[in-house]
Each structure stands twice: as structure tokens, then as C-alpha cells.
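For reference, the structure discussed in these notes is given below.
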Amino acid sequence: AAAPVMLEGPGETEPPRINISISKRSMASKTPVGFIGLGNMGSPMAKNLIKNGYPVIATDVFPESCKELQELGAQVMDSPADVAEKADRIITMLPSSPNVIEVYTGPNGILKKVKKGTLLVDSSTIDPSVAKEMAVASEKMGAVFMDAPVSGGVGAASMAKLTFMVGGLEEEFQAAEELFTCMGANVVYCGQVGSGQAAKLCNNMLLAIGMIGTAETMNLGIRLGLDPKLLAKILNMSSGRCWSSDSYNPVPGVMEGVPSANNYQGGYGTTLMAKDLGLAQNTATNTKSSIPLGSLAHQIYRVMCSRGYANKDFSSVFQFLREEEAQ
């Protein structure tokens, strides 16, 4: 794993503090890990924990999502509270802020039965303010909360090559890092709780803007008579190159193993991207930051959700642009 990036701040020159809870957790490294949320991202992440020898105790709102993991040896519980009763390290990977609030603080939530000293790691992409609320609620119950959203998509989740952006107490980072390295290739400490979410929202706003730009560019080139594979090759050896053009091209037939090669199935849904852009919009409003392209990207993805693209990968913006022209 990459070395954590330490941000400047108070306490940097203090002698290291020994935290007993970390020591205990590190020594019991193969003790069970709870995992809540077994969707497109959560399922491969949990599988990688099992591959690395961790007993996994899992639950999901859709019981059928648990079957594959159960066959690999995971213990399946009925609710997040039941998971909290059996595990002192729990990872959550959920679609949105309301889901996170429900799973942590709801009637059958983690905090109903959480044990003191439990490490709670949320890898969902949510509003940074909600991450801070969950940290306060967890602390009241004697647990430690960290936000650790991820980047890299389903492919990186399957290959354990995710990037984790981690916010929380620096002295607890080491205990969590041990788990992150089983599921990802890069682990970056971003600062206090909520800073992981801040980094993720900035990344996804740029990703959405880049994907729309790539889709527009590819479409224009095709209209000008260029072969899409040739155009992609030229872009990727030129200054216009970006992740959307070289690793996740939105044009069917240009690349294999990406959603555009599979009718935009799988990957990162348009609904989720619209949600992320909405969060970016909220934080931009709160911080009085100007994001004209981010706002436009949010508008485009919201329109796509109402035009039948909600469950397709966000790279389907290429198909959306082609259809808009045909009208």
C-alpha cells in the first residue's frame, strides 16, 4: 500500500501515543470482520477479505446478495445490529447518506448493539456532514468511526486495487489500514472525519466532467468520419488523454471489459453519479465555491436518470448524447 499522506496540523511533532485498542486489534488480526452492504462494490471487497483469511460476518437488505458470500464461508446475519454483536471491526458500503444513517442509527442499526472499542469504517460515498454525524453518534457508544470512500470502480474492487481515501483519528488509521490493504492498492490518510468524503466528491465531480467531455469528443470525431478506435488511440497519446478515454472509454467497441462493451451494464450507475454530483453541488454551495461545469454535469446526469439511463453505467452519457441528436 502507498504510504499515508500526512496533512500538516497540530500534534505532528508530538511523541507517538500508544493506543491500547489498536494493539489489541492488530494482534487479533484475523478476528472476524463485519461487512454490511453487498452490492456491486461491497461484494468483491468482502470476498477479498475472505481470500486474505478474515472470517466475514455479513448482512444486506437484499438476502439474495449474501448467497455467494455465504458459499465462500461468510456468516450471514439478519441485521446490522446482529453483525455489531459479533464483530469488533465493521465495514459498511452503502448507496447513499439515508442508507448510512439507517444502518448506523436505525432500530436495527449497528449502534444498537455495538461493542465498546469497535472500529467502524464507512466506505460509502456520502455527504461529509453525515460522516461527521455518524462519528459523533459512534463516539457516544464508545466506538471509533472512520470514513473511507473508494475510487476505482467494480474492476478495481474485484482485483483489490481500490484507492481508499480515509478520514478519522490518525492514531486509529494503522488498525484500519491492515484491512484496506486486503481490498486496495492505495490507502491515503486525508485528515479528520469527513475529509475522505471531501476527496472522493472532488474526484467524482472531475470524473463526471471528464466522462461527458470524452463522450462529446468521441461523438464529434465519429461524426467527422474518424474511426472511434483510431480517435481513442490518438487522444490517448495526446494532451486530451484522461481516465475516461484510456481506461473506461464510453464508445461501444473501442475497449473490452468495460460497461460500454456490455450495453452499459454493471460499473457505476448513473443514479449514483447523479447523487455524488448532488453532494458536490451541496458542498460547493456551503463553501461558496464556483463549479459551473460540475453543476452542468449534475444537470445532465439528472436528466439521464429521468430518460431511462438510471440503472446504466454513467459512461452511457455517450448513448444519451447520440439519442438527443436523433430527436
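Here, A, B, ... name the chains of the C-alpha cells in the order displayed, residue numbers run from 1 inside each chain, and ligands are numbered from 1 in the same displayed order.
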*Taking the DSSP assignment computed from this structure's backbone, write out as a PyMOL selection string all residues of region 35-272 of chain A that belong to alpha helix (DSSP H).*
chain A and resi 42-51+67-71+80-86+97-105+110-113+128-140+153-158+170-183+195-223+228-235+243-246+270-272
Selection export as an mmCIF file, in the first residue's frame, atoms kept: C-alpha atoms:
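File produced: result-v8.cif:
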data_model
loop_
_atom_site.group_PDB
_atom_site.id
_atom_site.type_symbol
_atom_site.label_atom_id
_atom_site.label_comp_id
_atom_site.auth_asym_id
_atom_site.auth_seq_id
_atom_site.Cartn_x
_atom_site.Cartn_y
_atom_site.Cartn_z
ATOM 1 C CA GLY A 42 -19.293 -4.393 -1.372
ATOM 2 C CA SER A 43 -19.455 -7.983 -2.573
ATOM 3 C CA PRO A 44 -15.987 -8.120 -4.225
ATOM 4 C CA MET A 45 -14.494 -6.168 -1.292
ATOM 5 C CA ALA A 46 -15.864 -8.707 1.195
ATOM 6 C CA LYS A 47 -14.610 -11.567 -0.998
ATOM 7 C CA ASN A 48 -11.087 -10.133 -0.850
ATOM 8 C CA LEU A 49 -11.227 -10.095 2.946
ATOM 9 C CA ILE A 50 -12.182 -13.795 2.879
ATOM 10 C CA LYS A 51 -9.333 -14.504 0.414
ATOM 11 C CA LYS A 67 -25.748 -16.162 -1.012
ATOM 12 C CA GLU A 68 -22.468 -16.079 -2.934
ATOM 13 C CA LEU A 69 -20.539 -14.839 0.085
ATOM 14 C CA GLN A 70 -22.182 -17.470 2.294
ATOM 15 C CA GLU A 71 -20.944 -20.169 -0.105
ATOM 16 C CA PRO A 80 -26.593 -4.633 11.113
ATOM 17 C CA ALA A 81 -27.205 -4.833 14.894
ATOM 18 C CA ASP A 82 -26.594 -8.602 14.768
ATOM 19 C CA VAL A 83 -23.328 -8.024 12.905
ATOM 20 C CA ALA A 84 -22.240 -5.469 15.526
ATOM 21 C CA GLU A 85 -22.870 -8.009 18.269
ATOM 22 C CA LYS A 86 -20.357 -10.427 16.730
ATOM 23 C CA SER A 97 -26.487 9.093 3.104
ATOM 24 C CA PRO A 98 -30.003 7.942 4.182
ATOM 25 C CA ASN A 99 -28.898 4.285 3.950
ATOM 26 C CA VAL A 100 -25.854 5.012 6.111
ATOM 27 C CA ILE A 101 -27.960 6.823 8.734
ATOM 28 C CA GLU A 102 -30.412 3.893 8.836
ATOM 29 C CA VAL A 103 -27.700 1.207 9.063
ATOM 30 C CA TYR A 104 -25.866 3.008 11.879
ATOM 31 C CA THR A 105 -28.653 4.655 13.892
ATOM 32 C CA ILE A 110 -25.063 -1.026 14.284
ATOM 33 C CA LEU A 111 -25.145 1.382 17.233
ATOM 34 C CA LYS A 112 -27.936 -0.596 18.941
ATOM 35 C CA LYS A 113 -25.529 -3.434 19.796
ATOM 36 C CA PRO A 128 -19.146 14.802 4.627
ATOM 37 C CA SER A 129 -21.512 16.287 7.236
ATOM 38 C CA VAL A 130 -23.285 12.916 7.601
ATOM 39 C CA ALA A 131 -19.909 11.196 8.121
ATOM 40 C CA LYS A 132 -19.239 13.666 10.942
ATOM 41 C CA GLU A 133 -22.687 12.982 12.469
ATOM 42 C CA MET A 134 -22.046 9.221 12.407
ATOM 43 C CA ALA A 135 -18.654 9.767 14.054
ATOM 44 C CA VAL A 136 -20.281 11.690 16.923
ATOM 45 C CA ALA A 137 -23.030 9.058 17.351
ATOM 46 C CA SER A 138 -20.422 6.255 17.291
ATOM 47 C CA GLU A 139 -18.230 8.016 19.834
ATOM 48 C CA LYS A 140 -21.180 8.271 22.246
ATOM 49 C CA GLY A 153 -14.908 1.029 -9.642
ATOM 50 C CA VAL A 154 -16.053 -2.585 -9.729
ATOM 51 C CA GLY A 155 -12.981 -3.808 -11.645
ATOM 52 C CA ALA A 156 -10.592 -2.425 -9.040
ATOM 53 C CA ALA A 157 -12.796 -3.798 -6.252
ATOM 54 C CA SER A 158 -12.559 -7.296 -7.760
ATOM 55 C CA GLU A 170 -4.750 9.394 12.845
ATOM 56 C CA GLU A 171 -3.889 7.073 15.729
ATOM 57 C CA GLU A 172 -6.637 4.653 14.578
ATOM 58 C CA PHE A 173 -5.524 4.724 10.942
ATOM 59 C CA GLN A 174 -2.999 1.911 11.388
ATOM 60 C CA ALA A 175 -5.620 -0.520 12.710
ATOM 61 C CA ALA A 176 -7.861 0.179 9.720
ATOM 62 C CA GLU A 177 -5.036 0.155 7.157
ATOM 63 C CA GLU A 178 -4.484 -3.561 7.724
ATOM 64 C CA LEU A 179 -7.974 -4.217 6.293
ATOM 65 C CA PHE A 180 -7.714 -1.645 3.496
ATOM 66 C CA THR A 181 -4.577 -3.281 2.079
ATOM 67 C CA CYS A 182 -6.551 -6.520 1.546
ATOM 68 C CA MET A 183 -9.041 -4.653 -0.638
ATOM 69 C CA SER A 195 -12.039 14.575 4.718
ATOM 70 C CA GLY A 196 -12.129 11.202 2.939
ATOM 71 C CA GLN A 197 -15.606 12.059 1.632
ATOM 72 C CA ALA A 198 -14.414 15.528 0.576
ATOM 73 C CA ALA A 199 -11.603 13.985 -1.508
ATOM 74 C CA LYS A 200 -13.989 11.442 -3.066
ATOM 75 C CA LEU A 201 -16.564 14.078 -4.072
ATOM 76 C CA CYS A 202 -13.857 16.180 -5.731
ATOM 77 C CA ASN A 203 -12.620 13.114 -7.637
ATOM 78 C CA ASN A 204 -16.089 12.086 -8.808
ATOM 79 C CA MET A 205 -17.000 15.586 -9.941
ATOM 80 C CA LEU A 206 -13.897 15.623 -12.147
ATOM 81 C CA LEU A 207 -14.675 12.075 -13.336
ATOM 82 C CA ALA A 208 -18.192 13.081 -14.430
ATOM 83 C CA ILE A 209 -16.963 16.209 -16.218
ATOM 84 C CA GLY A 210 -14.221 14.157 -17.922
ATOM 85 C CA MET A 211 -16.641 11.437 -18.993
ATOM 86 C CA ILE A 212 -19.058 13.928 -20.567
ATOM 87 C CA GLY A 213 -16.136 15.625 -22.335
ATOM 88 C CA THR A 214 -14.840 12.285 -23.619
ATOM 89 C CA ALA A 215 -18.311 11.269 -24.842
ATOM 90 C CA GLU A 216 -18.793 14.604 -26.658
ATOM 91 C CA THR A 217 -15.326 14.391 -28.204
ATOM 92 C CA MET A 218 -15.738 10.803 -29.393
ATOM 93 C CA ASN A 219 -19.160 11.595 -30.823
ATOM 94 C CA LEU A 220 -17.854 14.648 -32.711
ATOM 95 C CA GLY A 221 -14.926 12.656 -34.118
ATOM 96 C CA ILE A 222 -17.234 9.864 -35.298
ATOM 97 C CA ARG A 223 -19.482 12.475 -36.988
ATOM 98 C CA PRO A 228 -13.569 5.544 -32.964
ATOM 99 C CA LYS A 229 -10.679 3.178 -32.131
ATOM 100 C CA LEU A 230 -8.253 5.355 -34.086
ATOM 101 C CA LEU A 231 -9.563 8.512 -32.406
ATOM 102 C CA ALA A 232 -9.231 6.928 -28.950
ATOM 103 C CA LYS A 233 -5.651 5.887 -29.789
ATOM 104 C CA ILE A 234 -4.785 9.453 -30.857
ATOM 105 C CA LEU A 235 -6.403 11.008 -27.764
ATOM 106 C CA TRP A 243 -9.068 8.089 -17.461
ATOM 107 C CA SER A 244 -12.404 8.121 -19.303
ATOM 108 C CA SER A 245 -10.636 7.939 -22.669
ATOM 109 C CA ASP A 246 -7.910 5.400 -21.881
ATOM 110 C CA THR A 270 -25.951 6.919 -13.480
ATOM 111 C CA THR A 271 -28.154 7.292 -10.356
ATOM 112 C CA LEU A 272 -25.075 7.044 -8.123
#
*Excluding same-chain residues fewer than 2 positions from Asn311 (chain A), what lies within 9 Å of it counting only C-alpha atoms, as a PyMOL selection string?*
chain A and resi 264-266+268-272+305+308-309+313-314
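CA of Leu162 (chain A) is found 15.6 Å from CA of Cys190 (chain A).
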